[in-house]
file upload.txt (compact mmCIF, C-alpha atoms (C1' of nucleotides))
# COMPACT_ATOMS: atom_id res chain seq x y z
CA MET E 1 -4.53 -7.85 -26.00
CA GLY E 2 -4.45 -11.58 -26.41
CA PHE E 3 -2.46 -14.15 -28.26
CA ALA E 4 -4.62 -13.93 -31.35
CA GLU E 5 -3.72 -10.27 -31.91
CA THR E 6 -0.09 -10.87 -31.17
CA PHE E 7 0.34 -13.85 -33.47
CA LYS E 8 -1.67 -12.14 -36.18
CA ALA E 9 0.56 -9.10 -35.84
CA LEU E 10 3.65 -11.27 -36.18
CA SER E 11 2.28 -13.18 -39.15
CA ASP E 12 2.95 -10.37 -41.61
CA PRO E 13 6.49 -10.06 -43.02
CA THR E 14 6.34 -6.26 -43.18
CA ARG E 15 5.41 -6.11 -39.52
CA ARG E 16 8.15 -8.54 -38.52
CA GLU E 17 10.63 -6.40 -40.41
CA ILE E 18 9.37 -3.31 -38.61
CA LEU E 19 10.03 -5.00 -35.28
CA ASN E 20 13.50 -5.93 -36.46
CA LEU E 21 14.19 -2.32 -37.36
CA LEU E 22 12.99 -1.14 -33.97
CA LYS E 23 15.28 -3.61 -32.27
CA SER E 24 18.10 -1.12 -32.81
CA GLY E 25 16.19 1.77 -31.30
CA PRO E 26 13.19 4.05 -31.81
CA LEU E 27 12.32 5.35 -35.26
CA THR E 28 9.79 7.84 -36.56
CA ALA E 29 6.93 6.66 -38.75
CA GLY E 30 8.59 8.35 -41.70
CA GLU E 31 11.91 6.62 -41.11
CA ILE E 32 10.08 3.34 -41.06
CA VAL E 33 8.16 4.17 -44.23
CA ASP E 34 11.48 4.87 -45.95
CA GLN E 35 12.56 1.28 -45.44
CA PHE E 36 9.67 -0.14 -47.42
CA ASP E 37 8.28 0.06 -50.89
CA MET E 38 4.78 0.79 -49.66
CA THR E 39 2.67 3.88 -49.02
CA GLY E 40 2.77 5.66 -45.69
CA ALA E 41 -0.89 4.82 -45.22
CA SER E 42 -0.15 1.12 -45.44
CA ILE E 43 2.75 1.34 -43.01
CA SER E 44 0.58 3.38 -40.70
CA HIS E 45 -1.93 0.56 -40.76
CA HIS E 46 0.78 -1.99 -39.92
CA LEU E 47 2.00 0.21 -37.09
CA SER E 48 -1.50 0.36 -35.68
CA VAL E 49 -1.80 -3.42 -35.83
CA LEU E 50 1.49 -3.78 -33.99
CA LYS E 51 0.49 -1.16 -31.46
CA ASN E 52 -2.88 -2.78 -30.93
CA ALA E 53 -1.14 -6.06 -30.27
CA GLY E 54 1.04 -4.32 -27.72
CA ALA E 55 4.25 -5.09 -29.58
CA ILE E 56 5.20 -1.44 -29.99
CA ASP E 57 4.51 1.86 -28.26
CA ASP E 58 4.66 5.37 -29.62
CA GLU E 59 5.45 8.81 -28.38
CA LYS E 60 4.69 12.04 -30.13
CA LYS E 61 7.45 14.60 -30.29
CA GLY E 62 6.45 17.69 -32.15
CA LYS E 63 5.85 16.88 -35.76
CA PHE E 64 7.08 13.32 -35.40
CA ILE E 65 5.86 10.16 -33.81
CA TYR E 66 8.50 7.84 -32.48
CA TYR E 67 7.85 4.14 -32.37
CA TYR E 68 9.71 1.68 -30.18
CA LEU E 69 9.61 -1.98 -29.29
CA ASN E 70 7.66 -3.19 -26.31
CA SER E 71 8.86 -6.67 -25.58
CA SER E 72 6.57 -7.49 -22.69
CA VAL E 73 3.88 -8.88 -24.97
CA LEU E 74 6.52 -10.83 -26.83
CA ASP E 75 7.52 -12.32 -23.50
CA ASP E 76 4.01 -13.64 -23.06
CA VAL E 77 4.11 -15.30 -26.45
CA LEU E 78 7.53 -16.67 -25.69
CA ASN E 79 6.29 -18.21 -22.48
CA TRP E 80 3.30 -19.71 -24.23
CA LEU E 81 5.60 -21.37 -26.72
CA LEU E 82 7.91 -22.59 -23.98
CA SER E 83 5.04 -24.11 -22.05
CA LEU E 84 3.96 -25.95 -25.17
CA LYS E 85 7.36 -27.54 -25.33
CA GLY E 86 7.50 -29.01 -21.91
CA GLY E 87 6.50 -26.64 -19.18
CA THR E 88 9.67 -24.73 -18.33
CA THR E 89 7.37 -21.84 -17.51
CA ASP E 90 5.26 -20.30 -14.78
CA GLU E 91 2.87 -23.18 -15.06
CA LYS E 92 0.29 -21.54 -12.81
CA MET X 1 7.54 -23.36 -44.24
CA GLY X 2 8.39 -19.93 -42.99
CA PHE X 3 7.51 -17.63 -40.15
CA ALA X 4 4.43 -16.30 -41.90
CA GLU X 5 2.81 -19.74 -42.02
CA THR X 6 3.80 -20.52 -38.47
CA PHE X 7 2.53 -17.29 -36.96
CA LYS X 8 -0.62 -17.46 -39.04
CA ALA X 9 -1.16 -20.99 -37.82
CA LEU X 10 -0.74 -19.86 -34.23
CA SER X 11 -3.03 -16.87 -34.63
CA ASP X 12 -6.20 -18.94 -34.49
CA PRO X 13 -7.55 -19.90 -31.04
CA THR X 14 -8.85 -23.25 -32.21
CA ARG X 15 -5.45 -24.15 -33.58
CA ARG X 16 -3.66 -23.04 -30.41
CA GLU X 17 -6.04 -25.20 -28.42
CA ILE X 18 -5.33 -28.16 -30.71
CA LEU X 19 -1.62 -27.74 -30.00
CA ASN X 20 -2.35 -27.62 -26.31
CA LEU X 21 -4.29 -30.86 -26.54
CA LEU X 22 -1.47 -32.53 -28.43
CA LYS X 23 0.98 -31.47 -25.76
CA SER X 24 -0.22 -34.44 -23.70
CA GLY X 25 0.28 -36.91 -26.53
CA PRO X 26 -0.99 -37.93 -29.95
CA LEU X 27 -4.71 -37.88 -30.74
CA THR X 28 -6.78 -39.00 -33.70
CA ALA X 29 -8.58 -36.45 -35.83
CA GLY X 30 -11.86 -37.65 -34.35
CA GLU X 31 -10.68 -37.25 -30.77
CA ILE X 32 -9.66 -33.71 -31.60
CA VAL X 33 -13.01 -32.99 -33.27
CA ASP X 34 -14.75 -34.17 -30.09
CA GLN X 35 -13.12 -31.36 -28.12
CA PHE X 36 -14.68 -28.63 -30.24
CA ASP X 37 -18.09 -27.41 -31.19
CA MET X 38 -17.25 -27.40 -34.87
CA THR X 39 -17.65 -29.72 -37.83
CA GLY X 40 -15.03 -32.33 -38.66
CA ALA X 41 -14.44 -30.58 -41.95
CA SER X 42 -13.49 -27.37 -40.18
CA ILE X 43 -11.16 -29.13 -37.77
CA SER X 44 -9.65 -31.00 -40.69
CA HIS X 45 -8.92 -27.64 -42.27
CA HIS X 46 -7.24 -26.39 -39.09
CA LEU X 47 -5.18 -29.56 -38.89
CA SER X 48 -4.00 -29.05 -42.43
CA VAL X 49 -2.99 -25.47 -41.66
CA LEU X 50 -1.02 -26.66 -38.63
CA LYS X 51 0.56 -29.44 -40.61
CA ASN X 52 1.46 -27.11 -43.43
CA ALA X 53 3.14 -24.82 -40.95
CA GLY X 54 5.10 -27.80 -39.65
CA ALA X 55 3.66 -27.53 -36.15
CA ILE X 56 2.19 -31.03 -36.23
CA ASP X 57 2.80 -34.31 -38.01
CA ASP X 58 0.44 -37.16 -38.69
CA GLU X 59 0.60 -40.88 -39.06
CA LYS X 60 -2.08 -43.09 -40.50
CA LYS X 61 -2.91 -46.24 -38.55
CA GLY X 62 -5.66 -48.25 -40.17
CA LYS X 63 -8.86 -46.30 -40.08
CA PHE X 64 -7.41 -43.52 -37.95
CA ILE X 65 -4.97 -40.70 -38.42
CA TYR X 66 -2.91 -39.76 -35.41
CA TYR X 67 -1.71 -36.23 -34.99
CA TYR X 68 1.17 -35.17 -32.79
CA LEU X 69 3.15 -32.06 -31.97
CA ASN X 70 6.31 -31.23 -33.85
CA SER X 71 8.12 -28.63 -31.80
CA SER X 72 11.04 -28.00 -34.12
CA VAL X 73 9.22 -25.27 -35.99
CA LEU X 74 8.11 -23.79 -32.71
CA ASP X 75 11.77 -23.68 -31.74
CA ASP X 76 12.50 -21.53 -34.76
CA VAL X 77 9.77 -19.10 -33.79
CA LEU X 78 11.02 -19.10 -30.25
CA ASN X 79 14.51 -18.22 -31.37
CA TRP X 80 13.23 -15.46 -33.58
CA LEU X 81 11.42 -13.95 -30.62
CA LEU X 82 14.47 -14.31 -28.42
CA SER X 83 16.69 -12.59 -30.95
CA LEU X 84 14.23 -9.72 -31.09
CA LYS X 85 14.67 -9.27 -27.37
CA GLY X 86 18.38 -8.89 -27.21
CA GLY X 87 20.23 -11.51 -29.18
CA THR X 88 20.58 -14.45 -26.80
CA THR X 89 20.40 -16.60 -29.92
CA ASP X 90 22.46 -18.06 -32.72
CA GLU X 91 22.80 -14.64 -34.18
CA LYS X 92 24.36 -15.93 -37.40
C1' DT J 1 -19.57 -57.00 -51.31
C1' DT J 2 -22.32 -53.87 -48.98
C1' DA J 3 -22.64 -51.08 -45.20
C1' DT J 4 -20.38 -48.31 -41.84
C1' DC J 5 -16.93 -45.48 -39.75
C1' DA J 6 -13.02 -41.92 -39.91
C1' DT J 7 -11.38 -38.38 -42.30
C1' DT J 8 -10.62 -35.24 -46.11
C1' DT J 9 -11.90 -32.54 -50.29
C1' DA J 10 -14.97 -29.42 -52.93
C1' DG J 11 -17.68 -25.60 -53.29
C1' DA J 12 -20.12 -21.73 -51.24
C1' DT J 13 -20.61 -17.68 -48.21
C1' DA J 14 -19.39 -14.26 -44.77
C1' DT J 15 -15.66 -12.00 -42.61
C1' DT J 16 -11.11 -10.22 -42.28
C1' DT J 17 -6.88 -8.48 -44.20
C1' DT J 18 -3.76 -5.92 -47.19
C1' DT J 19 -3.05 -2.36 -49.99
C1' DC J 20 -4.11 1.69 -52.56
C1' DT J 21 -5.67 6.79 -53.37
C1' DA J 22 -7.59 10.74 -51.51
C1' DA J 23 -8.68 13.50 -47.73
C1' DA J 24 -8.11 14.97 -42.87
C1' DT J 25 -5.39 16.44 -38.76
C1' DA J 26 -1.56 18.28 -36.36
C1' DT J 27 2.67 20.72 -36.15
C1' DC J 28 6.29 23.67 -37.63
C1' DT J 29 8.14 27.57 -40.45
C1' DT J 30 7.92 31.95 -42.70
C1' DA Q 1 -2.21 33.33 -41.50
C1' DA Q 2 -0.42 30.33 -45.30
C1' DG Q 3 2.25 26.82 -46.80
C1' DA Q 4 4.85 22.76 -46.08
C1' DT Q 5 5.77 18.46 -43.63
C1' DA Q 6 4.53 14.16 -40.89
C1' DT Q 7 1.24 11.06 -40.04
C1' DT Q 8 -3.35 9.09 -39.74
C1' DT Q 9 -8.17 8.16 -41.23
C1' DA Q 10 -11.74 6.94 -44.69
C1' DG Q 11 -13.27 4.32 -48.26
C1' DA Q 12 -12.71 0.88 -51.85
C1' DA Q 13 -11.03 -3.34 -54.22
C1' DA Q 14 -8.65 -7.73 -54.28
C1' DA Q 15 -7.08 -11.60 -51.83
C1' DA Q 16 -7.07 -14.67 -47.92
C1' DT Q 17 -9.56 -17.07 -44.09
C1' DA Q 18 -13.02 -19.69 -41.31
C1' DT Q 19 -16.86 -22.12 -41.47
C1' DC Q 20 -20.62 -24.81 -43.22
C1' DT Q 21 -23.00 -28.68 -46.05
C1' DA Q 22 -22.48 -32.23 -49.22
C1' DA Q 23 -19.74 -35.43 -51.53
C1' DA Q 24 -15.52 -38.32 -51.99
C1' DT Q 25 -11.93 -41.58 -50.26
C1' DG Q 26 -10.11 -45.33 -47.63
C1' DA Q 27 -10.42 -48.92 -44.25
C1' DT Q 28 -12.83 -52.15 -41.36
C1' DA Q 29 -16.74 -55.19 -40.34
C1' DA Q 30 -20.85 -57.88 -41.30

call {"tool": "encode", "arguments": {"input": "upload.txt", "output": "structure tokens"}}
result
Amino acid sequence: MGFAETFKALSDPTRREILNLLKSGPLTAGEIVDQFDMTGASISHHLSVLKNAGAIDDEKKGKFIYYYLNSSVLDDVLNWLLSLKGGTTDEK
Amino acid sequence: MGFAETFKALSDPTRREILNLLKSGPLTAGEIVDQFDMTGASISHHLSVLKNAGAIDDEKKGKFIYYYLNSSVLDDVLNWLLSLKGGTTDEK
DNA sequence: TTATCATTTAGATATTTTTCTAAATATCTT
DNA sequence: AAGATATTTAGAAAAATATCTAAATGATAA
């Protein structure tokens, strides 16, 4: 909740790659772990950072937890960047 | 030079505020320091982080150093975010 | 050329972050 | 119920970050 969290979340390469993976559709935590050379605990931490920033959401389905992109927070960041560049935004 | 540096640079509120200030035009280091309740040394550090990320440039003029926005790196970040949201970008 | 002003660099400390291993929780299967 | 699977939580260590004070650099002014 806030730009600091969002930008911090995006500043880690593992987390950016996770978002890229989720671009194609939801994945379980385990499927995400499989894409990295890192323990599940570490990926779990990254997922919680992303979730805390609002960049992803999750949904439990039985034994699995599915993660998926939530682009609304990314929209906010996008608008902030746009407004820095000239004010093509809300401008309220 | 890279998304990590850029996002890290943007993750600090002081640095985001500096960028906002520079949106209206160049300022000297001292003028920037005046806007914050923080030592010149600390602001100098933030300026160097921003510069290292490519978000600002500087130009020495006599006793002063002027800082100004460089939005080209911000464009890169912007495009990365856009591509995450659907691929309205270069997509190369 | 000495003093002053603008800014950065150096060094220190406290906090945050990343990653690991080990343990805990929750769910499914037998 | 016991065992196996999926994922998170706890706790620790190493590295990075933000901030401060004090000192260094560079440029103007007296």

call {"tool": "closest_residue", "arguments": {"input": "upload.txt", "among": "E:Asp37, E:Asp58, E:Glu31, E:Glu17", "to": "chain J", "atoms": "all atoms listed in the file"}}
result
E:Asp37

call {"tool": "residues_near_point", "arguments": {"input": "upload.txt", "point": "(8.1, -28.2, -34.9)", "cutoff": "12 Å", "atoms": "only C-alpha atoms (C1' of nucleotides)", "output": "ChimeraX atom specification"}}
result
/E:81,84-85 /X:1-3,6,19,50-57,68-78

call {"tool": "interface_residues", "arguments": {"input": "upload.txt", "of": "chain E", "to": "chain X", "cutoff": "6 Å", "atoms": "all atoms listed in the file", "output": "number ranges by chain"}}
result
E: 4, 7-8, 11

call {"tool": "interface_residues", "arguments": {"input": "upload.txt", "of": "chain X", "to": "chain J", "cutoff": "7 Å", "atoms": "all atoms listed in the file", "output": "list of chain:residue names"}}
result
X:Ser44, X:Lys63, X:Phe64

call {"tool": "atom_distance", "arguments": {"input": "upload.txt", "atom1": "atom CA of X:Ile18", "atom2": "atom CA of X:Ile32"}}
result
7.1 Å

call {"tool": "axis_aligned_box", "arguments": {"input": "upload.txt", "around": "stretch 11-25 of chain J", "padding_each_side": "3 Å", "output": "JSON"}}
result
{"center_x": -11.8, "center_y": -4.6, "center_z": -46.1, "size_x": 23.6, "size_y": 48.0, "size_z": 20.6}

call {"tool": "interface_residues", "arguments": {"input": "upload.txt", "of": "chain X", "to": "chain Q", "cutoff": "10 Å", "atoms": "all atoms listed in the file", "output": "PDB file with C-alpha atoms, in the coordinates of the input"}}
result
ATOM      1  CA  ASP X  12      -6.200 -18.940 -34.490  1.00  0.00           C
ATOM      2  CA  MET X  38     -17.250 -27.400 -34.870  1.00  0.00           C
ATOM      3  CA  THR X  39     -17.650 -29.720 -37.830  1.00  0.00           C
ATOM      4  CA  ALA X  41     -14.440 -30.580 -41.950  1.00  0.00           C
ATOM      5  CA  SER X  42     -13.490 -27.370 -40.180  1.00  0.00           C
ATOM      6  CA  ILE X  43     -11.160 -29.130 -37.770  1.00  0.00           C
ATOM      7  CA  HIS X  45      -8.920 -27.640 -42.270  1.00  0.00           C
ATOM      8  CA  HIS X  46      -7.240 -26.390 -39.090  1.00  0.00           C
ATOM      9  CA  LYS X  61      -2.910 -46.240 -38.550  1.00  0.00           C
ATOM     10  CA  GLY X  62      -5.660 -48.250 -40.170  1.00  0.00           C
ATOM     11  CA  LYS X  63      -8.860 -46.300 -40.080  1.00  0.00           C
ATOM     12  CA  PHE X  64      -7.410 -43.520 -37.950  1.00  0.00           C
TER      13      PHE X  64
END

call {"tool": "residues_around", "arguments": {"input": "upload.txt", "residues": "E:Tyr66", "least_positions_apart": "5", "cutoff": "6 Å", "atoms": "all atoms listed in the file", "output": "list of chain:residue names"}}
result
E:Leu27, E:Thr28, E:Asp58, E:Glu59

call {"tool": "atom_distance", "arguments": {"input": "upload.txt", "atom1": "atom CA of X:Thr14", "atom2": "atom CA of E:Arg15"}}
result
23.5 Å

call {"tool": "atom_distance", "arguments": {"input": "upload.txt", "atom1": "atom CA of E:Val49", "atom2": "atom CA of X:Val49"}}
result
22.8 Å
